[in-house]
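Below is protein23.txt, which holds compact mmCIF, C-alpha atoms.
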```txt
# COMPACT_ATOMS: atom_id res chain seq x y z
CA MET A 5 -26.76 -4.60 1.51
CA LYS A 6 -23.93 -2.23 2.24
CA ARG A 7 -21.61 -5.05 3.19
CA TRP A 8 -21.78 -6.88 -0.11
CA GLN A 9 -21.54 -3.65 -2.06
CA SER A 10 -18.18 -2.87 -0.53
CA LYS A 11 -17.16 -6.50 -1.00
CA SER A 12 -17.99 -6.27 -4.69
CA ARG A 13 -15.89 -3.14 -5.04
CA GLU A 14 -12.84 -4.59 -3.37
CA LYS A 15 -12.75 -8.14 -4.59
CA GLY A 16 -14.29 -7.86 -8.04
CA VAL A 17 -17.47 -9.77 -7.15
CA LEU A 18 -20.44 -9.14 -9.45
CA TYR A 19 -24.04 -9.63 -8.34
CA MET A 20 -26.73 -10.52 -10.87
CA GLY A 21 -30.02 -11.24 -9.13
CA LYS A 22 -29.33 -13.68 -6.33
CA GLN A 23 -26.29 -15.20 -8.01
CA SER A 24 -22.85 -13.82 -7.42
CA TRP A 25 -20.00 -14.04 -9.89
CA HIS A 26 -16.41 -13.09 -10.04
CA VAL A 27 -14.02 -12.52 -12.91
CA ALA A 28 -11.38 -15.24 -12.90
CA ASN A 29 -8.20 -15.16 -14.95
CA CYS A 30 -5.14 -17.22 -15.83
CA LEU A 31 -2.79 -14.28 -15.99
CA ARG A 32 -0.26 -15.74 -13.59
CA GLU A 33 0.02 -19.00 -15.54
CA LEU A 34 0.27 -17.11 -18.84
CA ARG A 35 2.97 -14.83 -17.49
CA ARG A 36 4.99 -17.78 -16.24
CA GLU A 37 4.48 -19.58 -19.56
CA HIS A 38 6.03 -16.56 -21.30
CA GLU A 39 8.81 -16.40 -18.68
CA LEU A 40 7.93 -12.84 -17.74
CA THR A 41 8.31 -11.25 -14.34
CA GLN A 42 5.53 -9.08 -12.92
CA GLU A 43 7.89 -6.13 -13.25
CA LYS A 44 8.50 -6.77 -16.94
CA LEU A 45 4.83 -7.34 -17.75
CA ALA A 46 3.90 -4.15 -15.88
CA GLU A 47 6.54 -2.23 -17.83
CA ASP A 48 5.28 -3.62 -21.15
CA LEU A 49 1.70 -2.65 -20.38
CA GLY A 50 2.53 0.72 -18.85
CA VAL A 51 1.03 -0.08 -15.45
CA THR A 52 2.53 -0.57 -11.99
CA ARG A 53 3.62 -3.92 -10.62
CA HIS A 54 0.99 -3.69 -7.89
CA THR A 55 -1.75 -3.50 -10.50
CA ILE A 56 -0.46 -6.73 -12.08
CA LEU A 57 -0.28 -8.30 -8.61
CA ALA A 58 -3.88 -7.24 -7.83
CA LEU A 59 -5.05 -8.61 -11.21
CA GLU A 60 -3.35 -11.96 -10.68
CA VAL A 61 -4.82 -12.54 -7.23
CA GLY A 62 -8.29 -11.46 -8.40
CA ARG A 63 -8.45 -8.30 -6.29
CA TYR A 64 -8.96 -6.08 -9.30
CA VAL A 65 -11.05 -6.42 -12.46
CA PRO A 66 -9.33 -4.58 -15.32
CA SER A 67 -10.99 -2.13 -17.69
CA ILE A 68 -11.84 -3.37 -21.19
CA GLU A 69 -8.87 -1.42 -22.52
CA LEU A 70 -6.36 -3.08 -20.21
CA ALA A 71 -7.94 -6.51 -20.74
CA LEU A 72 -7.66 -6.08 -24.53
CA ARG A 73 -4.07 -4.92 -24.20
CA LEU A 74 -3.30 -8.03 -22.15
CA ALA A 75 -4.96 -10.23 -24.75
CA ALA A 76 -2.94 -8.54 -27.50
CA HIS A 77 0.25 -8.86 -25.49
CA PHE A 78 -0.17 -12.61 -25.02
CA GLN A 79 -1.78 -13.03 -28.47
CA ARG A 80 -4.70 -14.91 -27.00
CA PRO A 81 -8.48 -14.38 -27.30
CA LEU A 82 -9.79 -12.30 -24.41
CA GLU A 83 -12.20 -14.98 -23.15
CA THR A 84 -9.34 -17.44 -22.69
CA ILE A 85 -7.66 -15.04 -20.26
CA PHE A 86 -10.69 -13.67 -18.39
CA TRP A 87 -13.96 -15.47 -17.73
CA LEU A 88 -16.90 -15.37 -15.34
CA GLU A 89 -17.11 -17.89 -12.52
CA GLU A 90 -20.08 -18.42 -10.26
CA ASN A 91 -19.33 -18.08 -6.57
CA GLN A 92 -20.19 -20.91 -4.23
CA GLU A 93 -22.87 -20.17 -1.59
CA ASN A 94 -20.41 -20.52 1.28
CA GLU A 95 -18.07 -17.94 -0.27
CA MET A 96 -20.71 -15.22 0.02
CA MET B 23 30.67 -9.13 -7.04
CA SER B 24 31.43 -5.68 -8.42
CA SER B 25 35.20 -6.29 -8.57
CA SER B 26 34.66 -9.17 -11.05
CA ASN B 27 33.18 -6.77 -13.60
CA PRO B 28 35.54 -3.83 -14.33
CA ASN B 29 32.98 -2.10 -16.62
CA LYS B 30 30.34 -1.91 -13.92
CA VAL B 31 29.63 1.66 -12.78
CA PRO B 32 30.03 1.96 -8.99
CA GLU B 33 26.84 2.80 -7.12
CA SER B 34 26.50 6.35 -5.82
CA TYR B 35 26.71 7.23 -2.15
CA TYR B 36 22.91 7.57 -1.80
CA VAL B 37 22.25 4.23 -3.49
CA ARG B 38 24.65 2.51 -1.08
CA LEU B 39 23.14 4.37 1.87
CA ASN B 40 19.62 3.36 0.81
CA GLY B 41 20.79 -0.20 0.22
CA TRP B 42 22.20 -0.38 3.72
CA ASN B 43 19.06 1.19 5.19
CA ASN B 44 16.82 -1.22 3.26
CA ARG B 45 18.87 -4.20 4.42
CA VAL B 46 18.26 -3.15 8.03
CA TYR B 47 14.52 -2.93 7.31
CA THR B 48 14.61 -6.29 5.54
CA TYR B 49 16.27 -7.89 8.54
CA LEU B 50 13.74 -6.35 10.97
CA LEU B 51 10.74 -7.30 8.82
CA ASN B 52 11.94 -10.88 8.37
CA TRP B 53 12.53 -11.15 12.10
CA LEU B 54 9.01 -9.82 12.79
CA ALA B 55 7.52 -12.20 10.18
CA ALA B 56 9.26 -15.18 11.81
CA GLY B 57 7.86 -14.14 15.19
CA LEU B 58 4.33 -13.80 13.80
CA ALA B 59 4.58 -17.17 12.03
CA ARG B 60 5.41 -18.74 15.40
CA VAL B 61 2.55 -16.94 17.11
CA ALA B 62 0.21 -18.20 14.35
CA LEU B 63 0.94 -21.79 15.43
CA LEU B 64 -0.76 -21.08 18.76
CA TRP B 65 -4.08 -20.34 17.07
CA ARG B 66 -6.54 -22.10 14.80
CA GLY B 67 -8.99 -21.09 12.11
CA LYS B 68 -9.32 -17.52 10.88
CA THR B 69 -7.08 -16.00 13.54
CA ARG B 70 -4.28 -18.30 12.44
CA GLN B 71 -4.88 -17.40 8.79
CA ARG B 72 -4.69 -13.71 9.66
CA PHE B 73 -1.39 -14.13 11.47
CA GLU B 74 -0.01 -16.20 8.61
CA GLY B 75 -1.22 -13.61 6.09
CA THR B 76 0.48 -10.82 8.02
CA ALA B 77 3.69 -12.84 8.28
CA ARG B 78 3.59 -13.51 4.51
CA PHE B 79 2.98 -9.81 3.89
CA LEU B 80 6.00 -8.84 6.01
CA ARG B 81 8.23 -11.41 4.26
CA ASN B 82 7.07 -10.12 0.86
CA LEU B 83 7.63 -6.54 1.93
CA ALA B 84 11.13 -7.42 3.13
CA PHE B 85 11.81 -9.16 -0.19
CA TYR B 86 10.43 -6.17 -2.12
CA ILE B 87 12.45 -3.49 -0.38
CA GLY B 88 15.59 -5.61 -0.16
CA ARG B 89 16.04 -5.59 -3.94
CA PRO B 90 18.80 -3.35 -5.38
CA GLU B 91 16.22 -1.68 -7.70
CA THR B 92 14.44 -0.27 -4.67
CA ALA B 93 17.62 1.38 -3.38
CA ARG B 94 18.25 2.84 -6.85
CA LEU B 95 14.69 4.16 -7.11
CA MET B 96 14.92 5.84 -3.72
CA ALA B 97 18.17 7.55 -4.70
CA GLU B 98 16.82 9.23 -7.84
CA PRO B 99 17.40 13.03 -7.53
CA GLN B 100 13.78 13.90 -8.35
CA PHE B 101 12.52 11.37 -5.83
CA LEU B 102 14.92 12.59 -3.14
CA ARG B 103 13.92 16.23 -3.67
CA GLN B 104 10.21 15.50 -3.44
CA ALA B 105 10.53 13.12 -0.50
CA VAL B 106 12.69 15.52 1.52
CA GLY B 107 10.41 18.46 0.63
CA GLU B 108 7.22 16.65 1.60
CA THR B 109 8.74 15.28 4.81
CA LEU B 110 9.87 18.76 5.87
CA TRP B 111 6.51 20.29 5.00
CA LEU B 112 4.49 17.63 6.81
CA ALA B 113 6.83 17.52 9.81
CA SER B 114 6.60 21.30 10.25
CA LEU B 115 2.81 21.15 9.89
CA ILE B 116 2.60 18.39 12.50
CA ALA B 117 4.96 20.29 14.80
CA VAL B 118 2.96 23.52 14.54
CA VAL B 119 -0.39 21.79 15.17
CA THR B 120 0.94 19.66 18.05
CA VAL B 121 2.79 22.47 19.81
CA TRP B 122 -0.19 24.79 19.31
CA THR B 123 -2.52 22.16 20.81
CA PHE B 124 -0.28 21.50 23.81
CA LEU B 125 0.38 25.19 24.48
CA SER B 126 -3.33 26.01 24.26
CA VAL B 127 -4.22 23.26 26.69
CA TYR B 128 -1.31 23.49 29.16
CA GLY B 129 0.07 27.00 28.60
CA PHE B 130 3.80 27.76 28.53
CA MET B 131 5.02 24.83 30.61
CA LEU B 132 8.12 22.81 29.93
CA ILE B 133 6.72 19.35 30.77
CA PRO B 134 4.12 19.16 27.95
CA LEU B 135 6.91 19.77 25.43
CA ILE B 136 8.24 16.22 25.99
CA PRO B 137 5.02 14.40 24.98
CA ALA B 138 4.54 17.01 22.22
CA THR B 139 8.00 16.25 20.80
CA LEU B 140 7.40 12.50 21.04
CA LEU B 141 4.05 12.86 19.28
CA VAL B 142 5.61 14.95 16.50
CA ALA B 143 8.36 12.36 16.07
CA ALA B 144 5.90 9.44 16.01
CA LEU B 145 3.57 11.13 13.52
CA THR B 146 6.46 12.19 11.27
CA PHE B 147 7.83 8.63 11.37
CA LEU B 148 4.40 7.23 10.46
CA ILE B 149 3.75 9.64 7.60
CA THR B 150 7.22 9.41 6.08
CA HIS B 151 7.04 5.60 6.11
CA LEU B 152 3.59 5.63 4.55
CA LEU B 153 4.94 7.93 1.84
CA TYR B 154 7.94 5.63 1.40
CA LEU B 155 5.61 2.67 0.83
CA LEU B 156 3.44 4.66 -1.56
CA ALA B 157 6.51 5.82 -3.46
CA LEU B 158 7.65 2.20 -3.84
CA SER B 159 4.29 1.14 -5.27
CA GLY B 160 4.35 4.14 -7.64
CA ASP B 161 1.49 6.00 -5.93
CA ALA B 162 3.51 8.99 -4.77
CA TYR B 163 5.90 11.25 -6.71
CA ARG B 164 4.69 9.92 -10.05
CA GLY B 165 2.72 12.12 -12.44
CA VAL B 166 0.91 9.40 -14.38
CA GLN B 167 -1.42 6.93 -12.67
CA ASP B 168 -2.66 3.68 -14.14
CA GLU B 169 -6.28 2.55 -13.80
CA GLY B 170 -5.59 0.33 -10.77
CA GLN B 171 -4.00 3.24 -8.94
CA ARG B 172 -6.88 5.57 -9.83
CA GLN B 173 -9.48 3.11 -8.55
CA VAL B 174 -7.63 2.61 -5.27
CA ALA B 175 -7.13 6.40 -4.89
CA TYR B 176 -10.92 6.92 -5.31
CA GLN B 177 -11.61 4.27 -2.65
CA ALA B 178 -9.10 5.81 -0.24
CA SER B 179 -10.49 9.31 -0.88
CA SER B 180 -14.07 8.23 -0.22
CA PHE B 181 -12.92 6.47 2.98
CA ALA B 182 -11.11 9.61 4.18
CA LEU B 183 -14.08 11.79 3.21
CA ARG B 184 -16.49 9.57 5.15
CA PHE B 185 -14.19 9.78 8.16
CA ALA B 186 -13.91 13.57 7.92
CA GLY B 187 -17.68 13.94 7.37
CA GLY B 188 -18.52 11.80 10.40
CA ILE B 189 -16.11 13.68 12.66
CA LEU B 190 -17.37 17.04 11.34
CA ILE B 191 -20.96 16.14 12.21
CA VAL B 192 -19.95 15.12 15.76
CA LEU B 193 -17.75 18.21 16.09
CA SER B 194 -20.46 20.59 14.88
CA LEU B 195 -22.91 19.09 17.39
CA CYS B 196 -20.36 19.49 20.18
CA LEU B 197 -19.67 23.09 19.14
CA ALA B 198 -23.37 23.85 18.99
CA PHE B 199 -24.23 22.44 22.41
CA VAL B 200 -21.01 22.74 24.45
CA ALA B 201 -19.97 26.39 24.58
CA ALA B 202 -16.58 25.62 26.18
CA TRP B 203 -15.52 23.66 23.08
CA ARG B 204 -15.78 26.73 20.83
CA THR B 205 -12.46 28.03 22.17
CA TRP B 206 -10.70 25.01 20.65
CA ALA B 207 -12.59 24.98 17.35
CA ALA B 208 -9.60 26.04 15.23
CA ILE B 209 -7.36 23.41 16.83
CA ASP B 210 -10.01 20.71 16.40
CA LEU B 211 -10.36 21.54 12.71
CA SER B 212 -6.57 21.56 12.20
CA LEU B 213 -6.30 18.17 13.90
CA LEU B 214 -9.14 16.88 11.73
CA VAL B 215 -7.39 17.99 8.52
CA LEU B 216 -4.15 16.35 9.65
CA ALA B 217 -5.94 13.16 10.74
CA THR B 218 -7.78 12.98 7.40
CA ARG B 219 -4.46 13.24 5.55
CA VAL B 220 -2.96 10.42 7.64
CA ILE B 221 -6.11 8.29 7.24
CA TYR B 222 -6.03 8.81 3.45
CA LEU B 223 -2.36 7.80 3.21
CA ALA B 224 -2.87 4.79 5.50
CA ARG B 225 -5.93 3.56 3.57
CA LEU B 226 -4.18 4.06 0.23
CA ALA B 227 -1.11 2.17 1.44
CA HIS B 228 -3.32 -0.59 2.88
CA LEU B 229 -5.33 -1.03 -0.34
CA ARG B 230 -2.22 -1.04 -2.54
CA TRP B 231 -0.04 -3.26 -0.38
CA ALA B 232 -2.62 -5.73 1.00
CA VAL B 233 -2.22 -7.90 -2.13
CA LEU B 234 1.26 -8.82 -0.90
CA ALA B 235 -0.35 -10.90 1.86
CA ILE B 236 -1.92 -13.35 -0.59
CA ILE B 237 0.94 -15.00 -2.48
CA PRO B 238 4.64 -15.35 -1.69
CA LEU B 239 6.67 -13.02 -3.90
CA GLU B 240 9.75 -15.23 -3.91
CA ASP B 241 7.96 -17.56 -6.31
CA GLU B 242 7.38 -14.84 -8.86
CA GLY B 243 10.41 -15.48 -11.00
CA GLU B 244 12.66 -12.79 -9.56
CA ALA B 245 15.61 -15.17 -9.72
CA LEU B 246 14.84 -15.75 -13.39
CA ALA B 247 14.93 -11.99 -14.02
CA GLU B 248 18.27 -11.64 -12.27
CA GLN B 249 19.76 -14.48 -14.33
CA LYS B 250 18.68 -12.73 -17.53
```
Turn this file's structure into structure tokens for me.
Amino acid sequence: MKRWQSKSREKGVLYMGKQSWHVANCLRELRREHELTQEKLAEDLGVTRHTILALEVGRYVPSIELALRLAAHFQRPLETIFWLEENQENEM
Amino acid sequence: MSSSNPNKVPESYYVRLNGWNNRVYTYLLNWLAAGLARVALLWRGKTRQRFEGTARFLRNLAFYIGRPETARLMAEPQFLRQAVGETLWLASLIAVVTVWTFLSVYGFMLIPLIPATLLVAALTFLITHLLYLLALSGDAYRGVQDEGQRQVAYQASSFALRFAGGILIVLSLCLAFVAAWRTWAAIDLSLLVLATRVIYLARLAHLRWAVLAIIPLEDEGEALAEQK
């Protein structure tokens, strides 16, 4: 019990019943599409580069505010940037 | 490079000093990463992945601190003041606690001063480098924190609190049942406070910098930014 709780905190894994989910995103691809560096994107959003790094590798799930700011920045609907993905059994 | 552009402002002494210092670190980290990458070849499975991850982390760290922006950031007057102030404060605290511990245990003997000095030096080195890393990631010497930083700070605090709580329980049991330990109670508590501070900084640095082990930073369009 305790093990997966800490896992969910650190890697952004959500547990609903017996299924586990994680929030996936295409932030890295979007950033490259817009020819932005992590540094520049972080500066535009008023966060640190490490937060952008953690978001891109899926180590951190952003707040609604930051997610909406990202969507506004890239002028894309929120659900095209962030979505839920079911984890495979062997990943648990 | 700088001679080709007459309008370019020459870098200050501290920026050049930091640049030189960072280049030394970059060289050492790259050398260490190459060694670990070779060691990884001797293993298979998860152990190999761990070695490769650590090597990638070291290469990324070398890349990160080797950039000219890092040297400029470290030379900012406000940053320098705070870094020097905190280093002096922590080093004196470590020195007082260590010398106090050694003198209480061994009395006024010259020989314990050597390990005491080495311990002070090692701890000061560790703490100043942790602070250096945290300053680079924007977690130290910055007034405003973003949500990612806040979340990581909460995690590191709870980790340090759990550590301190566990040790306090053990310590209180020892003090209750072993009368001889009561003489050292003040030293034990001072060491616990210091250890909790180091554990907090180490956990914070680990949580903030561990993401560097996942993807190579060289691919992240830094060259593109420099061209622009």
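CA of Ala232 (chain B) is found 27.4 Å from CA of Leu213 (chain B).
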Write out as JSON, numbers by chain which residues come within 9 Å of Leu193 (chain B) when counting only C-alpha atoms, dropping same-chain ones fewer than 3 positions away.
{"B": [188, 189, 190, 196, 197, 198, 207, 210, 211]}
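With all atoms listed in the file as the atoms that count, the minimum distance from chain A to the choices B:Ala56, B:Val37, B:Leu155, B:Ala186 is reached by B:Leu155.
Using all atoms listed in the file, the nearest neighbour of Phe147 (chain B) within the list B:Gln100, B:Gln71, B:Gln177, B:Thr109 is B:Thr109.
Our summary of the geometry notes that CA of Val27 (chain A) is positioned 21.1 Å from CA of Tyr176 (chain B).
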Taking only C-alpha atoms into account, report as a PyMOL selection string which residues of chain A lie within 8 Å of chain B.
chain A and resi 36+39-42+50-55+57-58+61+63-64+66-67
Env of Thr146 (chain B): 10 Å cut, atoms = only C-alpha atoms, seq-sep filter 4 positions within chain, self excluded. Answer as a ChimeraX atom specification.
/B:109-110,112-117,140-142,150-152
Using all atoms listed in the file, which protein or nucleic acid residues come within 9 Å of Cys30 (chain A)? Drop anything in the same chain fewer than 3 positions from it, and give the result as a PDB file with C-alpha atoms, keeping the file's coordinate frame.
```
ATOM      1  CA  GLU A  33       0.020 -19.000 -15.540  1.00  0.00           C
ATOM      2  CA  LEU A  34       0.270 -17.110 -18.840  1.00  0.00           C
ATOM      3  CA  ARG A  35       2.970 -14.830 -17.490  1.00  0.00           C
ATOM      4  CA  GLU A  60      -3.350 -11.960 -10.680  1.00  0.00           C
ATOM      5  CA  THR A  84      -9.340 -17.440 -22.690  1.00  0.00           C
ATOM      6  CA  ILE A  85      -7.660 -15.040 -20.260  1.00  0.00           C
ATOM      7  CA  PHE A  86     -10.690 -13.670 -18.390  1.00  0.00           C
TER       8      PHE A  86
END
```
Closest of A:Ala28, A:Leu49, A:Trp87, A:Glu43 to Leu70 (chain A), counting only C-alpha atoms, is A:Leu49
Write out as JSON, numbers by chain which residues come within 8 Å of region 58-67 of chain B when counting all atoms listed in the file, dropping same-chain ones fewer than 4 positions away.
{"B": [54, 71, 73, 74, 76, 77]}
